[in-house]
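**Student:** Next comes run-v4.csv, CSV, C-alpha atoms and all ligand atoms:
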chain,number,residue,atom,x,y,z
P,11,MET,CA,77.1,-176.0,143.6
P,12,THR,CA,75.4,-178.6,141.4
P,13,HIS,CA,76.7,-182.1,141.8
P,14,VAL,CA,76.8,-183.9,138.4
P,15,SER,CA,77.2,-187.7,138.0
P,16,LEU,CA,78.6,-188.8,134.7
P,17,ILE,CA,78.0,-192.5,134.0
P,18,SER,CA,79.8,-194.6,131.4
P,19,PRO,CA,79.5,-198.4,130.8
P,20,CYS,CA,82.8,-199.9,129.8
P,21,LEU,CA,83.3,-203.3,128.2
P,22,ASN,CA,86.8,-204.1,127.1
P,23,GLU,CA,87.7,-200.4,126.4
P,24,ALA,CA,91.4,-200.6,127.6
P,25,GLU,CA,92.5,-198.5,124.6
P,26,VAL,CA,90.1,-195.6,125.2
P,27,ILE,CA,89.6,-195.3,128.9
P,28,GLU,CA,92.6,-193.0,129.5
P,29,PRO,CA,91.8,-190.6,126.7
P,30,PHE,CA,88.2,-190.7,127.8
P,31,TYR,CA,89.1,-189.9,131.4
P,32,ALA,CA,91.4,-187.0,130.2
P,33,ARG,CA,88.4,-185.5,128.3
P,34,LEU,CA,86.2,-185.9,131.3
P,35,CYS,CA,88.8,-184.1,133.4
P,36,SER,CA,89.0,-181.2,131.0
P,37,LEU,CA,85.2,-181.0,130.9
P,38,ALA,CA,85.1,-180.8,134.7
P,39,ALA,CA,87.8,-178.2,134.8
P,40,CYS,CA,85.8,-175.9,132.4
P,41,GLU,CA,82.6,-176.3,134.4
P,42,SER,CA,83.8,-174.5,137.6
P,43,GLY,CA,80.3,-174.0,139.0
P,44,ARG,CA,79.7,-177.8,139.3
P,45,ASP,CA,81.4,-180.6,140.9
P,46,PHE,CA,81.6,-184.0,139.2
P,47,GLU,CA,81.7,-187.7,140.0
P,48,PHE,CA,82.7,-190.2,137.2
P,49,ILE,CA,80.9,-193.5,137.6
P,50,LEU,CA,82.6,-196.0,135.4
P,51,VAL,CA,80.9,-199.3,135.2
P,52,ASP,CA,83.2,-202.2,134.3
P,53,ASP,CA,80.7,-204.6,132.6
P,54,GLY,CA,82.7,-207.8,133.0
P,55,SER,CA,85.7,-206.7,130.9
P,56,THR,CA,88.3,-209.3,130.1
P,57,ASP,CA,91.1,-207.0,128.9
P,58,GLY,CA,92.9,-204.6,131.1
P,59,THR,CA,90.0,-202.2,131.5
P,60,GLY,CA,89.3,-203.2,135.2
P,61,LEU,CA,92.9,-202.5,136.2
P,62,ILE,CA,93.0,-199.2,134.4
P,63,LEU,CA,89.8,-198.1,136.1
P,64,ASP,CA,91.2,-199.1,139.5
P,65,ARG,CA,94.3,-197.1,138.8
P,66,LEU,CA,92.2,-194.0,138.0
P,67,ALA,CA,90.2,-194.5,141.2
P,68,ASP,CA,93.4,-194.6,143.2
P,69,ARG,CA,94.5,-191.3,141.6
P,70,ASP,CA,91.2,-189.4,141.6
P,71,PRO,CA,88.6,-189.7,144.3
P,72,ARG,CA,85.9,-188.4,141.8
P,73,VAL,CA,86.3,-191.7,139.9
P,74,ARG,CA,83.9,-194.4,141.3
P,75,VAL,CA,84.2,-197.8,139.8
P,76,LEU,CA,81.6,-200.5,139.8
P,77,HIS,CA,83.0,-203.9,138.8
P,78,LEU,CA,80.0,-206.0,137.7
P,79,ALA,CA,80.6,-209.6,138.5
P,80,ARG,CA,80.0,-210.6,134.8
P,81,ASN,CA,78.9,-209.0,131.6
P,82,CYS,CA,75.3,-207.9,132.0
P,83,GLY,CA,75.0,-205.8,128.9
P,84,HIS,CA,75.1,-202.0,128.2
P,85,GLN,CA,71.5,-201.3,129.4
P,86,ILE,CA,72.0,-203.0,132.8
P,87,ALA,CA,75.5,-201.5,133.2
P,88,LEU,CA,73.8,-198.1,132.8
P,89,THR,CA,71.2,-199.1,135.3
P,90,ALA,CA,73.9,-200.0,137.8
P,91,GLY,CA,75.5,-196.6,137.3
P,92,MET,CA,72.2,-194.9,137.9
P,93,ASP,CA,71.6,-196.9,141.1
P,94,PHE,CA,75.0,-195.6,142.5
P,95,ALA,CA,74.7,-192.0,141.3
P,96,SER,CA,74.5,-189.3,143.9
P,97,GLY,CA,74.3,-186.3,141.6
P,98,ASP,CA,71.6,-183.6,141.3
P,99,VAL,CA,72.0,-184.1,137.6
P,100,VAL,CA,73.0,-187.3,135.9
P,101,VAL,CA,74.6,-187.7,132.4
P,102,THR,CA,75.0,-191.0,130.7
P,103,LEU,CA,77.5,-191.4,127.8
P,104,ASP,CA,79.5,-194.1,126.1
P,105,ALA,CA,83.2,-194.5,127.0
P,106,ASP,CA,84.4,-194.9,123.4
P,107,LEU,CA,84.2,-191.1,122.8
P,108,GLN,CA,81.4,-191.5,120.3
P,109,ASP,CA,79.4,-189.3,122.6
P,110,PRO,CA,81.8,-186.3,122.8
P,111,PRO,CA,82.1,-185.1,126.5
P,112,GLU,CA,82.3,-181.6,125.0
P,113,VAL,CA,78.5,-181.8,124.4
P,114,VAL,CA,77.8,-182.3,128.1
P,115,PRO,CA,78.0,-178.6,129.1
P,116,MET,CA,75.3,-177.9,126.4
P,117,LEU,CA,73.1,-180.7,127.9
P,118,LEU,CA,73.6,-179.2,131.4
P,119,ALA,CA,72.8,-175.7,130.1
P,120,LYS,CA,69.4,-177.1,128.8
P,121,ILE,CA,68.8,-178.7,132.3
P,122,ASP,CA,69.5,-175.3,133.8
P,123,GLU,CA,66.8,-173.9,131.5
P,124,GLY,CA,64.3,-176.0,133.4
P,125,PHE,CA,64.1,-179.3,131.4
P,126,ASP,CA,64.2,-182.5,133.3
P,127,ILE,CA,65.4,-184.8,130.5
P,128,VAL,CA,67.6,-183.7,127.6
P,129,HIS,CA,68.3,-186.3,124.9
P,130,ALA,CA,71.4,-185.8,122.7
P,131,GLN,CA,70.1,-186.4,119.2
P,132,ARG,CA,72.5,-187.6,116.5
P,133,ARG,CA,72.6,-185.1,113.7
P,134,SER,CA,75.3,-187.1,111.9
P,135,ARG,CA,76.8,-190.5,112.5
P,136,GLU,CA,80.4,-190.3,111.2
P,137,GLY,CA,82.1,-193.7,111.1
P,138,GLU,CA,79.0,-195.8,111.2
P,139,THR,CA,78.1,-198.1,108.4
P,140,TRP,CA,75.3,-197.4,105.9
P,141,PHE,CA,73.7,-200.6,107.0
P,142,LYS,CA,73.6,-199.6,110.7
P,143,ARG,CA,72.2,-196.1,109.9
P,144,CYS,CA,69.5,-197.5,107.6
P,145,THR,CA,68.4,-200.3,110.0
P,146,ALA,CA,68.3,-197.8,112.9
P,147,ARG,CA,66.1,-195.4,110.9
P,148,LEU,CA,63.8,-198.3,109.9
P,149,PHE,CA,63.5,-199.6,113.4
P,150,TYR,CA,62.6,-196.2,114.9
P,151,ARG,CA,59.9,-195.8,112.2
P,152,LEU,CA,58.5,-199.2,112.9
P,153,LEU,CA,58.5,-198.6,116.7
P,154,ARG,CA,56.7,-195.3,116.2
P,155,LEU,CA,54.1,-197.0,114.2
P,156,ILE,CA,53.3,-199.8,116.6
P,157,SER,CA,53.9,-198.1,120.0
P,158,LYS,CA,52.5,-195.0,121.7
P,159,GLU,CA,55.7,-194.5,123.7
P,160,SER,CA,58.4,-194.8,121.2
P,161,PRO,CA,61.8,-193.1,121.7
P,162,ARG,CA,62.7,-190.0,119.7
P,163,GLU,CA,64.4,-190.8,116.5
P,164,GLU,CA,68.2,-190.7,116.5
P,165,CYS,CA,68.4,-190.5,120.3
P,166,GLY,CA,70.5,-193.2,121.9
P,167,ASP,CA,71.6,-193.4,125.5
P,168,PHE,CA,73.5,-190.1,125.6
P,169,ARG,CA,71.3,-187.9,127.8
P,170,ALA,CA,71.2,-185.7,130.9
P,171,PHE,CA,68.4,-185.8,133.5
P,172,THR,CA,67.6,-184.4,136.9
P,173,ARG,CA,67.5,-186.3,140.2
P,174,PRO,CA,63.7,-186.6,140.3
P,175,VAL,CA,63.9,-188.4,136.9
P,176,LEU,CA,66.7,-190.6,138.3
P,177,LEU,CA,64.5,-191.6,141.3
P,178,ALA,CA,61.6,-192.3,139.0
P,179,MET,CA,63.7,-194.5,136.8
P,180,ARG,CA,65.0,-196.5,139.8
P,181,GLY,CA,61.4,-197.7,140.2
P,182,PHE,CA,61.5,-199.4,136.8
P,183,ARG,CA,63.2,-202.8,137.5
P,184,GLU,CA,62.3,-204.8,134.4
P,185,ARG,CA,64.9,-207.2,133.3
P,186,HIS,CA,64.7,-206.6,129.5
P,187,ARG,CA,65.2,-202.9,129.6
P,188,TYR,CA,65.1,-200.6,126.7
P,189,LEU,CA,66.1,-197.4,128.4
P,190,ARG,CA,65.5,-195.0,125.6
P,191,GLY,CA,61.9,-196.2,125.5
P,192,LEU,CA,61.5,-195.9,129.3
P,193,PHE,CA,62.9,-192.4,129.3
P,194,ALA,CA,60.6,-191.4,126.5
P,195,ALA,CA,57.6,-192.9,128.4
P,196,LEU,CA,58.6,-191.2,131.7
P,197,GLY,CA,57.0,-187.8,131.1
P,198,PHE,CA,58.6,-184.8,132.8
P,199,ARG,CA,59.8,-181.9,130.6
P,200,GLN,CA,61.9,-183.3,127.8
P,201,ALA,CA,64.1,-181.6,125.2
P,202,VAL,CA,66.5,-182.7,122.5
P,203,LEU,CA,69.9,-181.3,121.6
P,204,PRO,CA,71.4,-182.2,118.2
P,205,TYR,CA,75.0,-183.2,118.1
P,206,ASP,CA,77.5,-184.8,115.7
P,207,ARG,CA,78.4,-188.4,116.7
P,208,THR,CA,82.0,-189.0,116.1
P,209,PRO,CA,83.7,-192.3,115.2
P,210,ARG,CA,84.8,-194.7,117.9
P,211,ALA,CA,88.2,-193.5,119.2
P,212,ALA,CA,89.7,-197.0,119.3
P,213,GLY,CA,88.7,-200.6,119.8
P,214,HIS,CA,85.7,-202.1,118.1
P,215,THR,CA,81.9,-202.1,118.6
P,216,LYS,CA,80.5,-204.4,121.3
P,217,PHE,CA,77.1,-204.4,119.4
P,218,PRO,CA,77.4,-206.8,116.6
P,219,LEU,CA,74.2,-207.4,114.5
P,220,ALA,CA,72.8,-210.2,116.8
P,221,ARG,CA,73.0,-207.9,119.8
P,222,MET,CA,71.5,-205.0,117.9
P,223,ILE,CA,68.6,-207.3,116.9
P,224,ALA,CA,68.2,-208.5,120.6
P,225,LEU,CA,68.0,-204.8,121.7
P,226,ALA,CA,65.5,-204.0,119.0
P,227,VAL,CA,63.3,-207.0,120.0
P,228,ASP,CA,63.4,-205.9,123.6
P,229,GLY,CA,62.3,-202.4,122.4
P,230,ILE,CA,59.4,-203.8,120.5
P,231,LEU,CA,58.2,-206.5,123.0
P,232,SER,CA,58.6,-204.1,126.0
P,233,PHE,CA,56.6,-201.2,124.5
P,234,SER,CA,54.1,-202.8,122.1
P,235,SER,CA,51.6,-205.6,122.1
P,236,ALA,CA,51.3,-205.1,118.3
P,237,PRO,CA,53.0,-208.4,117.5
P,238,LEU,CA,50.3,-210.2,119.5
P,239,LYS,CA,47.6,-208.3,117.8
P,240,SER,CA,49.1,-208.8,114.4
P,241,VAL,CA,48.9,-212.5,114.9
P,242,LEU,CA,45.1,-212.2,115.3
P,243,TRP,CA,44.8,-210.1,112.1
P,244,LEU,CA,47.0,-212.5,110.2
P,245,GLY,CA,44.8,-215.4,111.4
P,246,CYS,CA,41.7,-213.5,110.2
P,247,ALA,CA,43.2,-212.7,106.8
P,248,LEU,CA,44.2,-216.4,106.3
P,249,TRP,CA,40.7,-217.6,107.3
P,250,ALA,CA,39.3,-215.3,104.6
P,251,VAL,CA,41.8,-216.8,102.1
P,252,SER,CA,40.9,-220.4,103.1
P,253,LEU,CA,37.1,-219.5,102.8
P,254,LEU,CA,37.7,-218.4,99.2
P,255,PHE,CA,39.5,-221.7,98.6
P,256,ILE,CA,36.5,-223.7,100.0
P,257,VAL,CA,34.1,-221.7,97.8
P,258,ARG,CA,36.3,-222.4,94.8
P,259,ALA,CA,36.4,-226.1,95.6
P,260,CYS,CA,32.6,-226.3,96.0
P,261,ILE,CA,32.0,-224.5,92.7
P,262,GLY,CA,34.4,-227.0,91.0
P,263,HIS,CA,32.7,-230.0,92.6
P,264,PHE,CA,29.0,-229.1,92.4
P,265,ILE,CA,28.7,-226.8,89.4
P,266,LEU,CA,31.6,-227.5,87.1
P,267,HIS,CA,31.8,-231.2,88.1
P,268,ARG,CA,35.6,-231.1,87.9
P,269,THR,CA,37.1,-232.6,91.0
P,270,VAL,CA,40.8,-231.8,91.2
P,271,PRO,CA,42.8,-234.8,92.5
P,272,GLY,CA,43.9,-232.3,95.2
P,273,TRP,CA,46.8,-233.6,97.2
P,274,THR,CA,49.1,-230.8,96.1
P,275,SER,CA,46.8,-228.1,97.5
P,276,LEU,CA,46.3,-230.2,100.6
P,277,VAL,CA,50.0,-230.4,101.3
P,278,VAL,CA,50.5,-226.7,100.5
P,279,LEU,CA,47.7,-225.7,102.9
P,280,LEU,CA,48.9,-228.1,105.6
P,281,THR,CA,52.5,-226.8,105.6
P,282,PHE,CA,51.3,-223.2,105.3
P,283,PHE,CA,49.1,-223.4,108.3
P,284,THR,CA,51.5,-225.4,110.3
P,285,GLY,CA,54.1,-222.7,109.7
P,286,LEU,CA,51.6,-220.1,110.6
P,287,ASN,CA,50.8,-221.9,113.9
P,288,LEU,CA,54.4,-222.1,114.8
P,289,PHE,CA,54.9,-218.4,114.0
P,290,CYS,CA,52.0,-217.4,116.2
P,291,LEU,CA,53.2,-219.7,119.0
P,292,SER,CA,56.7,-218.1,118.8
P,293,VAL,CA,55.2,-214.6,119.1
P,294,ILE,CA,53.3,-215.7,122.2
P,295,GLY,CA,56.3,-217.6,123.5
P,296,ALA,CA,58.4,-214.5,123.2
P,297,TYR,CA,56.1,-212.6,125.6
P,298,VAL,CA,55.7,-215.7,127.9
P,299,GLY,CA,59.5,-216.0,128.1
P,300,LYS,CA,59.8,-212.4,129.2
P,301,ILE,CA,57.1,-213.0,131.9
P,302,PHE,CA,59.0,-216.1,133.1
P,303,GLU,CA,62.3,-214.3,133.4
P,304,GLN,CA,60.7,-211.3,135.1
P,305,GLY,CA,58.8,-213.7,137.4
P,306,GLN,CA,62.0,-215.2,138.6
P,307,GLY,CA,62.8,-211.9,140.2
P,308,ARG,CA,66.5,-212.2,139.9
P,309,PRO,CA,68.7,-209.2,140.6
P,310,LEU,CA,69.6,-207.3,137.4
P,311,TYR,CA,73.3,-207.2,138.3
P,312,TRP,CA,75.6,-207.7,141.2
P,313,CYS,CA,79.1,-206.1,141.8
P,314,SER,CA,82.1,-208.1,142.7
P,315,ARG,CA,84.1,-205.0,143.8
P,316,LEU,CA,83.5,-201.3,144.3
P,317,ARG,CA,86.0,-198.4,144.4
P,318,ASN,CA,85.5,-195.0,146.0
P,319,VAL,CA,81.8,-195.6,146.5
P,320,ASP,CA,80.4,-193.8,149.6
P,321,PHE,CA,77.1,-195.4,150.5
P,322,GLY,CA,76.4,-192.4,152.8
P,323,THR,CA,76.0,-190.1,149.7
P,324,LEU,CA,73.6,-192.3,147.8
P,325,GLY,CA,70.5,-191.6,149.8
P,326,PRO,CA,68.2,-194.0,151.6
P,327,GLU,CA,66.1,-194.9,148.5
P,328,ALA,CA,69.2,-196.2,146.7
P,329,LEU,CA,70.1,-198.4,149.6
P,330,GLN,CA,66.7,-200.1,149.4
P,331,THR,CA,67.3,-201.2,145.8
P,332,PRO,CA,68.0,-204.9,146.1
P,333,GLU,CA,70.9,-204.7,143.7
P,334,VAL,CA,72.7,-202.0,145.6
P,335,ALA,CA,72.2,-203.8,148.9
P,336,LEU,CA,73.5,-207.0,147.3
P,337,SER,CA,76.5,-205.3,145.8
P,338,ARG,CA,77.3,-203.7,149.1
P,339,LEU,CA,77.2,-207.0,150.9
P,340,THR,CA,79.4,-208.7,148.4
P,341,ALA,CA,81.9,-205.9,148.4
P,342,ASP,CA,82.0,-205.7,152.2
P,343,GLN,CA,82.6,-209.5,152.4
P,344,ARG,CA,85.5,-209.3,149.9
P,345,GLU,CA,86.9,-206.4,151.8
P,346,ALA,CA,86.6,-208.3,155.1
P,347,ALA,CA,88.5,-211.1,153.5
P,348,GLY,CA,91.2,-208.6,152.3
P,349,HIS,CA,90.6,-209.0,148.6
P,350,THR,CA,90.1,-205.4,147.5
P,351,ARG,CA,93.0,-203.7,146.0
P,352,ASN,CA,94.1,-203.9,142.5
P,353,GLU,CA,93.4,-207.6,141.8
P,354,PRO,CA,93.6,-208.7,138.2
P,355,ALA,CA,90.3,-207.6,136.5
T,1,LIG,N1,79.1,-201.7,126.5
T,1,LIG,C1,79.0,-202.4,127.8
T,1,LIG,N2,78.5,-203.6,127.8
T,1,LIG,C2,78.2,-204.3,126.7
T,1,LIG,C3,78.3,-203.7,125.4
T,1,LIG,C4,78.8,-202.4,125.4
T,1,LIG,O1,79.2,-201.8,128.8
T,1,LIG,O2,77.8,-205.5,126.8
T,1,LIG,C5,79.6,-200.3,126.5
T,1,LIG,C6,80.8,-200.1,125.6
T,1,LIG,O3,82.0,-200.3,126.3
T,1,LIG,C7,80.6,-198.6,125.2
T,1,LIG,C8,79.1,-198.5,125.2
T,1,LIG,O4,78.6,-199.6,125.9
T,1,LIG,O5,81.1,-197.7,126.2
T,1,LIG,C9,78.6,-198.6,123.8
T,1,LIG,O6,79.0,-199.8,123.1
T,1,LIG,P1,79.6,-199.8,121.6
T,1,LIG,O7,80.4,-198.6,121.4
T,1,LIG,O8,80.2,-201.1,121.4
T,1,LIG,O9,78.2,-199.7,120.8
T,1,LIG,P2,78.0,-198.9,119.4
T,1,LIG,O10,78.4,-197.5,119.7
T,1,LIG,O11,78.9,-199.6,118.4
T,1,LIG,O12,76.5,-199.1,119.1
T,2,MG,MG,80.2,-196.9,120.3
Could you express the structure from this file as structure tokens?
**Tutor:**
Amino acid sequence: MTHVSLISPCLNEAEVIEPFYARLCSLAACESGRDFEFILVDDGSTDGTGLILDRLADRDPRVRVLHLARNCGHQIALTAGMDFASGDVVVTLDADLQDPPEVVPMLLAKIDEGFDIVHAQRRSREGETWFKRCTARLFYRLLRLISKESPREECGDFRAFTRPVLLAMRGFRERHRYLRGLFAALGFRQAVLPYDRTPRAAGHTKFPLARMIALAVDGILSFSSAPLKSVLWLGCALWAVSLLFIVRACIGHFILHRTVPGWTSLVVLLTFFTGLNLFCLSVIGAYVGKIFEQGQGRPLYWCSRLRNVDFGTLGPEALQTPEVALSRLTADQREAAGHTRNEPA
């Protein structure tokens, strides 16, 4: 019997968790040849999400809950889920029902055909704004242009993959993670499966424009050095322009004997080049900042509490992951101090 781990990150999803869980249960009931675990990662929720998840864990031993000690972001919440997954096949999907659980059997069928990674590809995006659709399309085009390893267009983080892929992914511990890029770059046998993305069942998006931009910047800076190179080309182009300017000034002075008083052009050039310098510095700074944060070697996440997690099933390689070891330690300490059950989230 295949063991399947479904992983969902949840941030303030109190309104949708119960219907989402019900849909997961019907999915599991229809797939009789497989057994499931539901890894629900509470990414530092401040509404009742944590309590609801604990209640589900009490009722159903298939529900494993990781309470991250604070909000770490969608990509790291998914990473935490992957660290704690014990399945032969893993599926990641959002908890807001935008990635319909009914598509999961089709993803699993593709895995059965022999693929290692199956990306669910959005055929339509009902309920998403025109602005989000257009900027997403533009971003994927740009990334494809400047990076060899860009993700497939219209593929988010709804995908299924096999255990070898999971183990390979666990080796990638970068802090600024852009999982869809990493999965695309991983190799293995990959396939896409088109699906219709439904509107959010309830609640509101946790990805406002600023966070979308931050994710897009991570995608670009993690997978392309094109911004650094573009600075060089920009510099060259501007040298050429200033060379023309010098030639023109020389002709004016020596041939036409018409010396322009010139402070306007001086100020224009000065401000222009100062601006350019700052722009170039900021591009370099963006990469240096990422090197600094990676150099600190901090854990990506740490859990405050764990529910229904059996470390025996995770495999020795998972236990060596510093974050898993740290979370285990923290959870054990809390348990020893009698702090586990149904505390306020
Ligand atoms: N999410 C999370 N941590 C965050 C932001 C989002 O765990 O910091 C979860 C959220 O609960 C949802 C999924 O990630 O299950 C996708 O987020 P959302 O639906 O807000 O993004 P959108 O679909 O609008 O891009
Ligand atoms: Mg959503």
**Student:** Counting all atoms listed in the file, which of P:Asp70, P:Glu184, P:Glu25, P:Glu327 gets nearest to P:Leu107?
**Tutor:**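 Nearest to P:Leu107: P:Glu25.
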**Student:** What do you get as a PDB file with C-alpha atoms, in the frame of the given file if you pick all residues at most 10 Å from ligand LIG 1 (chain T), counting all atoms listed in the file?
**Tutor:**
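Contents of the output file part.pdb:
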ATOM      1  CA  ILE P  17      78.000-192.500 134.000  1.00  0.00           C
ATOM      2  CA  SER P  18      79.800-194.600 131.400  1.00  0.00           C
ATOM      3  CA  PRO P  19      79.500-198.400 130.800  1.00  0.00           C
ATOM      4  CA  CYS P  20      82.800-199.900 129.800  1.00  0.00           C
ATOM      5  CA  LEU P  21      83.300-203.300 128.200  1.00  0.00           C
ATOM      6  CA  ASN P  22      86.800-204.100 127.100  1.00  0.00           C
ATOM      7  CA  GLU P  23      87.700-200.400 126.400  1.00  0.00           C
ATOM      8  CA  ALA P  24      91.400-200.600 127.600  1.00  0.00           C
ATOM      9  CA  VAL P  26      90.100-195.600 125.200  1.00  0.00           C
ATOM     10  CA  ILE P  27      89.600-195.300 128.900  1.00  0.00           C
ATOM     11  CA  LEU P  50      82.600-196.000 135.400  1.00  0.00           C
ATOM     12  CA  VAL P  51      80.900-199.300 135.200  1.00  0.00           C
ATOM     13  CA  ASP P  52      83.200-202.200 134.300  1.00  0.00           C
ATOM     14  CA  ASP P  53      80.700-204.600 132.600  1.00  0.00           C
ATOM     15  CA  GLY P  54      82.700-207.800 133.000  1.00  0.00           C
ATOM     16  CA  SER P  55      85.700-206.700 130.900  1.00  0.00           C
ATOM     17  CA  THR P  59      90.000-202.200 131.500  1.00  0.00           C
ATOM     18  CA  LEU P  78      80.000-206.000 137.700  1.00  0.00           C
ATOM     19  CA  ARG P  80      80.000-210.600 134.800  1.00  0.00           C
ATOM     20  CA  ASN P  81      78.900-209.000 131.600  1.00  0.00           C
ATOM     21  CA  CYS P  82      75.300-207.900 132.000  1.00  0.00           C
ATOM     22  CA  GLY P  83      75.000-205.800 128.900  1.00  0.00           C
ATOM     23  CA  HIS P  84      75.100-202.000 128.200  1.00  0.00           C
ATOM     24  CA  GLN P  85      71.500-201.300 129.400  1.00  0.00           C
ATOM     25  CA  ILE P  86      72.000-203.000 132.800  1.00  0.00           C
ATOM     26  CA  ALA P  87      75.500-201.500 133.200  1.00  0.00           C
ATOM     27  CA  LEU P  88      73.800-198.100 132.800  1.00  0.00           C
ATOM     28  CA  LEU P 103      77.500-191.400 127.800  1.00  0.00           C
ATOM     29  CA  ASP P 104      79.500-194.100 126.100  1.00  0.00           C
ATOM     30  CA  ALA P 105      83.200-194.500 127.000  1.00  0.00           C
ATOM     31  CA  ASP P 106      84.400-194.900 123.400  1.00  0.00           C
ATOM     32  CA  LEU P 107      84.200-191.100 122.800  1.00  0.00           C
ATOM     33  CA  GLN P 108      81.400-191.500 120.300  1.00  0.00           C
ATOM     34  CA  ASP P 109      79.400-189.300 122.600  1.00  0.00           C
ATOM     35  CA  GLY P 137      82.100-193.700 111.100  1.00  0.00           C
ATOM     36  CA  GLU P 138      79.000-195.800 111.200  1.00  0.00           C
ATOM     37  CA  LYS P 142      73.600-199.600 110.700  1.00  0.00           C
ATOM     38  CA  GLY P 166      70.500-193.200 121.900  1.00  0.00           C
ATOM     39  CA  ASP P 167      71.600-193.400 125.500  1.00  0.00           C
ATOM     40  CA  ARG P 207      78.400-188.400 116.700  1.00  0.00           C
ATOM     41  CA  THR P 208      82.000-189.000 116.100  1.00  0.00           C
ATOM     42  CA  PRO P 209      83.700-192.300 115.200  1.00  0.00           C
ATOM     43  CA  ARG P 210      84.800-194.700 117.900  1.00  0.00           C
ATOM     44  CA  ALA P 211      88.200-193.500 119.200  1.00  0.00           C
ATOM     45  CA  ALA P 212      89.700-197.000 119.300  1.00  0.00           C
ATOM     46  CA  GLY P 213      88.700-200.600 119.800  1.00  0.00           C
ATOM     47  CA  HIS P 214      85.700-202.100 118.100  1.00  0.00           C
ATOM     48  CA  THR P 215      81.900-202.100 118.600  1.00  0.00           C
ATOM     49  CA  LYS P 216      80.500-204.400 121.300  1.00  0.00           C
ATOM     50  CA  PHE P 217      77.100-204.400 119.400  1.00  0.00           C
ATOM     51  CA  PRO P 218      77.400-206.800 116.600  1.00  0.00           C
ATOM     52  CA  LEU P 219      74.200-207.400 114.500  1.00  0.00           C
ATOM     53  CA  ARG P 221      73.000-207.900 119.800  1.00  0.00           C
ATOM     54  CA  MET P 222      71.500-205.000 117.900  1.00  0.00           C
TER      55      MET P 222
END
**Student:** Identify which of the residues P:Val99, P:Leu288, P:Ile223, P:Val73 lies closest to P:Leu34, counting all atoms listed in the file when measuring atom-to-atom distances.
**Tutor:**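 For P:Leu34, the nearest of the candidates is P:Val73.
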**Student:** Could you pull the residues within 9 Å of stretch 145-158 of chain P, counting all atoms listed in the file, minus those fewer than 2 positions along the same chain, as a PyMOL selection string?
**Tutor:** chain P and resi 140-143+160-164+195+226+229-230+233-237
**Student:** Mind listing whatever residues come within 9 Å of the point (91.5, -198.8, 135.8)? Use only C-alpha atoms, file coordinates, and give them as a PDB file with C-alpha atoms, in the frame of the given file.
**Tutor:**
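Just written: out.pdb:
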ATOM      1  CA  ALA P  24      91.400-200.600 127.600  1.00  0.00           C
ATOM      2  CA  ILE P  27      89.600-195.300 128.900  1.00  0.00           C
ATOM      3  CA  GLU P  28      92.600-193.000 129.500  1.00  0.00           C
ATOM      4  CA  GLY P  58      92.900-204.600 131.100  1.00  0.00           C
ATOM      5  CA  THR P  59      90.000-202.200 131.500  1.00  0.00           C
ATOM      6  CA  GLY P  60      89.300-203.200 135.200  1.00  0.00           C
ATOM      7  CA  LEU P  61      92.900-202.500 136.200  1.00  0.00           C
ATOM      8  CA  ILE P  62      93.000-199.200 134.400  1.00  0.00           C
ATOM      9  CA  LEU P  63      89.800-198.100 136.100  1.00  0.00           C
ATOM     10  CA  ASP P  64      91.200-199.100 139.500  1.00  0.00           C
ATOM     11  CA  ARG P  65      94.300-197.100 138.800  1.00  0.00           C
ATOM     12  CA  LEU P  66      92.200-194.000 138.000  1.00  0.00           C
ATOM     13  CA  ALA P  67      90.200-194.500 141.200  1.00  0.00           C
ATOM     14  CA  ASP P  68      93.400-194.600 143.200  1.00  0.00           C
ATOM     15  CA  VAL P  75      84.200-197.800 139.800  1.00  0.00           C
ATOM     16  CA  ASN P 352      94.100-203.900 142.500  1.00  0.00           C
ATOM     17  CA  ALA P 355      90.300-207.600 136.500  1.00  0.00           C
TER      18      ALA P 355
END
**Student:** Report, in Å to a single decimal, how far apart atom CA of P:Cys40 and atom CA of P:Asp126 are.
**Tutor:** 22.6 Å
**Student:** Within 9 Å of P:Leu16, counting only C-alpha atoms, which residues qualify if same-chain residues fewer than 3 places away don't, as a short mmCIF file (atom, residue, chain, number, x, y, z; two decimals) with C-alpha atoms, in the coordinates of the input?
**Tutor:**
data_model
loop_
_atom_site.label_atom_id
_atom_site.label_comp_id
_atom_site.auth_asym_id
_atom_site.auth_seq_id
_atom_site.Cartn_x
_atom_site.Cartn_y
_atom_site.Cartn_z
CA LEU P 34 86.20 -185.90 131.30
CA PHE P 46 81.60 -184.00 139.20
CA GLU P 47 81.70 -187.70 140.00
CA PHE P 48 82.70 -190.20 137.20
CA ILE P 49 80.90 -193.50 137.60
CA LEU P 50 82.60 -196.00 135.40
CA GLY P 91 75.50 -196.60 137.30
CA ALA P 95 74.70 -192.00 141.30
CA GLY P 97 74.30 -186.30 141.60
CA VAL P 99 72.00 -184.10 137.60
CA VAL P 100 73.00 -187.30 135.90
CA VAL P 101 74.60 -187.70 132.40
CA THR P 102 75.00 -191.00 130.70
CA LEU P 103 77.50 -191.40 127.80
CA ALA P 170 71.20 -185.70 130.90
#
**Student:** Record the distance separating atom CA of P:Arg69 and atom CA of P:Ala119, expressed in Å with one decimal.
**Tutor:** 29.1 Å
**Student:** Of the candidates P:Val298, P:Leu329, P:Asp57, P:Val241, which shows the shortest atom-to-atom distance to P:Leu286, using all atoms listed in the file?
**Tutor:**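 Ranked by minimum distance to P:Leu286, first place goes to P:Val241.
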**Student:** How big is the axis-aligned box, and where does its centre sit, when it encloses all atoms of stretch 17-20 of chain P listed in the file and has 5 Å added on every side, reported in Å to one decimal as JSON?
**Tutor:**
{"center_x": 80.4, "center_y": -196.2, "center_z": 131.9, "size_x": 14.8, "size_y": 17.4, "size_z": 14.2}
